[in-house]
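Only one structure is covered here, and it is reproduced in the block below.
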Amino acid sequence: MVDKVKKIWFDGELIDWDDANVHILTHSLHYGLAAFEGIRCYRGEDGKSAIFRHKEHIKRLFDSAKIYLMDIPYTQEEIMDATKQTLKANNLKEAYIRPIVFIGDGVMGVHPGDNPIRASIICWQWGAYLGDEALNKGIRIKTSSFTRHHPNIMMTKAKISGNYVNSILSKREATLAGYDEALMLDVQGYVAEGSGENIFFVKDGIIITPPLTSVLSGLTRDTIMILARGMGYTVKEEFFTRDELYIADEVFFTGTAAEVTPIREIDDRTIGEGRPGPVTRRLQKAFFGVVKGKNKDYLGWLDFV
């Protein structure tokens, strides 16, 4: 359950949680066209709270809306300011942040006509997406029978609500079979990503991740690539098959919600020694050092509240 807070920012105002409602004829509810983001605010060791890569997340929100012809009635700066207002109104020092823009009620049918574009920002306390044990011990995943989107079927550079029906199918399939998460392949059969995470593997000290074709350009993905290269690792973007993961030394997911989650088993094959490997551990430690403000080289990624 999402932890209820006092206030939600909705169409320019901070309103009570229970009053943040929409009409049953809201267009996006029926047809799935809404752009959203997942962002985290972390509390550093000095007690100061900061939103991680706030500007980049909000830019991606606006890019997603542009791709799908939604004109957000606010500037990026106004949305960023509203995010901070919402955190302060709820006295949240650490939080998951969900900005969403969607098409309101008016005409029905697949063409939304002149229906208004509405915007909201919701913040709540949320720990590790796959659980604290997942971060420490790693997770078990299963290759999904559902294929990831082709870029000419659903435009994959946008973070759009309707795209995630594909993710829901995959996640449910995996969890019903007793696994923690799904591994999704692209239309050519190459590894794409998880149901809501980017994927990396390590082989002989080299870090490899799929190119940005059918997968979303994750900001945690980008962060890990930058950190890894700064630590002296070779990082490659290339296509690979699921069986290459079976014989990898290490595999891990990245994402705003998942952060850096090790994978210890894929399709009943143990990965490496069956526990988080040294490269994953090192990157995990570096990531949390950055988001909590310990690494002064990357303070530019932190937007202090």
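FYI, nothing fancy with the structure tokens labels: chains A, B, ... in order, residues from 1 per chain, ligands from 1 as they appear.
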Alpha helix (DSSP H) per DSSP on the backbone: members of segment 52-274 of chain A, as an MDAnalysis selection string: chainID A and resid 54:67 76:89 132:137 164:176 219:230 242:246
Which residues are close to Gly194 of chain A, i.e. within 9 Å by only C-alpha atoms, leaving aside same-chain residues fewer than 4 positions away? Reply as a tab-separated table (two decimals) with N, CA, C and O atoms, in the first residue's frame.
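Below you can see result-v3.tsv, which holds the result:
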chain	number	residue	atom	x	y	z
A	141	ILE	N	15.01	-14.13	-11.36
A	141	ILE	CA	14.18	-13.61	-12.44
A	141	ILE	C	13.93	-14.70	-13.48
A	141	ILE	O	14.64	-15.70	-13.56
A	167	SER	N	4.49	-4.46	-19.33
A	167	SER	CA	5.26	-4.75	-18.12
A	167	SER	C	4.43	-5.51	-17.09
A	167	SER	O	4.93	-6.42	-16.43
A	170	SER	N	4.20	-9.16	-17.95
A	170	SER	CA	5.46	-9.86	-17.69
A	170	SER	C	5.71	-10.05	-16.21
A	170	SER	O	6.12	-11.12	-15.77
A	171	LYS	N	5.47	-9.00	-15.44
A	171	LYS	CA	5.70	-9.07	-14.00
A	171	LYS	C	4.78	-10.11	-13.35
A	171	LYS	O	5.21	-10.92	-12.52
A	181	GLU	N	11.03	-11.13	-10.49
A	181	GLU	CA	10.94	-10.14	-11.57
A	181	GLU	C	11.07	-10.85	-12.91
A	181	GLU	O	11.48	-12.02	-12.98
A	182	ALA	N	10.71	-10.13	-13.98
A	182	ALA	CA	10.75	-10.67	-15.34
A	182	ALA	C	11.95	-10.10	-16.10
A	182	ALA	O	12.37	-8.97	-15.88
A	183	LEU	N	12.44	-10.91	-17.02
A	183	LEU	CA	13.43	-10.48	-18.01
A	183	LEU	C	12.72	-10.44	-19.35
A	183	LEU	O	12.10	-11.42	-19.77
A	184	MET	N	12.81	-9.31	-20.04
A	184	MET	CA	12.10	-9.16	-21.31
A	184	MET	C	13.07	-9.10	-22.48
A	184	MET	O	14.14	-8.48	-22.39
A	185	LEU	N	12.69	-9.75	-23.56
A	185	LEU	CA	13.48	-9.76	-24.79
A	185	LEU	C	12.83	-8.84	-25.82
A	185	LEU	O	11.63	-8.58	-25.77
A	198	ASN	N	16.36	-1.29	-16.20
A	198	ASN	CA	17.42	-1.59	-17.16
A	198	ASN	C	18.30	-2.71	-16.61
A	198	ASN	O	18.33	-2.94	-15.40
A	199	ILE	N	19.01	-3.40	-17.49
A	199	ILE	CA	19.81	-4.55	-17.07
A	199	ILE	C	21.25	-4.41	-17.53
A	199	ILE	O	21.53	-3.86	-18.61
A	253	PHE	N	20.07	-5.24	-12.09
A	253	PHE	CA	19.09	-4.29	-12.60
A	253	PHE	C	19.41	-2.90	-12.07
A	253	PHE	O	19.97	-2.75	-10.98
Contact residues around segment 257-262 of chain A with only C-alpha atoms at 6 Å, ignoring same-chain residues under 3 positions, as a ChimeraX atom specification: /A:129,135,138,252-254,276,284
Just-selected residues, N, CA and C atoms written as a tab-separated table (two decimals), in the first residue's frame:
chain	number	residue	atom	x	y	z
A	129	TYR	N	12.36	-1.10	-3.94
A	129	TYR	CA	11.26	-1.56	-4.79
A	129	TYR	C	11.05	-3.07	-4.70
A	135	LEU	N	18.30	-6.03	-2.37
A	135	LEU	CA	19.52	-5.24	-2.51
A	135	LEU	C	20.72	-5.96	-1.92
A	138	GLY	N	20.24	-10.27	-3.67
A	138	GLY	CA	19.94	-10.48	-5.07
A	138	GLY	C	18.60	-11.16	-5.27
A	252	PHE	N	22.86	-7.39	-12.91
A	252	PHE	CA	22.09	-6.53	-12.00
A	252	PHE	C	21.13	-5.64	-12.77
A	253	PHE	N	20.07	-5.24	-12.09
A	253	PHE	CA	19.09	-4.29	-12.60
A	253	PHE	C	19.41	-2.90	-12.07
A	254	THR	N	19.00	-1.87	-12.83
A	254	THR	CA	19.05	-0.49	-12.34
A	254	THR	C	17.72	0.20	-12.62
A	276	PRO	N	25.49	-11.38	-4.82
A	276	PRO	CA	26.00	-10.18	-5.47
A	276	PRO	C	27.52	-10.21	-5.60
A	284	GLN	N	27.00	-0.43	-6.48
A	284	GLN	CA	25.91	-0.17	-5.55
A	284	GLN	C	26.34	0.83	-4.48
Proximity to Glu273 of chain A - best of A:Met225, A:Ile15, A:Val291, A:Tyr246, only C-alpha atoms: A:Tyr246
Pairwise distance for atom CA of Leu25 of chain A and atom CA of Ala119 of chain A, rounded to one decimal in Å: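 Atom CA of Ala119 of chain A lies 16.3 Å from atom CA of Leu25 of chain A.
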Counting only C-alpha atoms, the option among A:Glu197, A:Glu94, A:Glu13, A:Glu238 closest to Lys48 of chain A: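 Comparing A:Glu197, A:Glu94, A:Glu13, A:Glu238 against Lys48 of chain A, the winner is A:Glu94.
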As a compact mmCIF listing (two decimals) with C-alpha atoms, in the first residue's frame, list the residues of segment 44-191 of chain A assigned to strand (DSSP E or B) by DSSP on the backbone atoms of this structure.
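Resulting contents of states_24.txt:
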# COMPACT_ATOMS: atom_id res chain seq x y z
CA SER A 49 17.29 16.25 1.47
CA ALA A 50 17.95 16.32 -2.25
CA ILE A 51 16.07 15.17 -5.35
CA PHE A 52 18.30 12.99 -7.52
CA ALA A 95 10.37 10.04 -0.79
CA TYR A 96 9.44 8.50 -4.08
CA ILE A 97 8.02 11.19 -6.38
CA ARG A 98 5.46 10.56 -9.12
CA PRO A 99 4.75 13.45 -11.51
CA ILE A 100 2.06 12.56 -14.05
CA VAL A 101 0.42 14.44 -16.91
CA PHE A 102 -2.72 13.06 -18.47
CA ILE A 103 -5.69 13.86 -20.71
CA ILE A 117 -4.02 18.26 -20.18
CA ARG A 118 -3.90 17.86 -16.42
CA ALA A 119 -0.89 17.49 -14.14
CA SER A 120 -0.25 16.12 -10.67
CA ILE A 121 2.67 15.38 -8.37
CA ILE A 122 2.40 12.74 -5.66
CA CYS A 123 5.08 11.95 -3.06
CA TRP A 124 5.20 9.10 -0.59
CA ILE A 139 16.79 -11.70 -6.82
CA ARG A 140 15.54 -14.54 -9.01
CA ILE A 141 14.18 -13.61 -12.44
CA LYS A 142 12.46 -15.43 -15.30
CA THR A 143 12.47 -14.71 -19.04
CA ILE A 160 3.94 6.41 -21.09
CA GLU A 181 10.94 -10.14 -11.57
CA ALA A 182 10.75 -10.67 -15.34
CA LEU A 183 13.43 -10.48 -18.01
CA MET A 184 12.10 -9.16 -21.31
CA LEU A 185 13.48 -9.76 -24.79
CA VAL A 191 17.78 -9.06 -24.06
Spatial neighbours of segment 297-302 of chain A, 12 Å, only C-alpha atoms, chain gap at least 6 places, as a PyMOL selection string: chain A and resi 39-44+48-57+219-220+222-223+226-227+230+286-291
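Comparing A:Phe36, A:Phe146, A:Tyr179, A:Tyr164 by their smallest distance to Glu265 of chain A, the closest is A:Tyr179 (using only C-alpha atoms).
Minimum atom-to-atom distances from A:Asp249, A:Glu77, A:Asp63, A:Asp180 to Gly205 of chain A were compared using only C-alpha atoms, and the lowest value belongs to A:Asp249.
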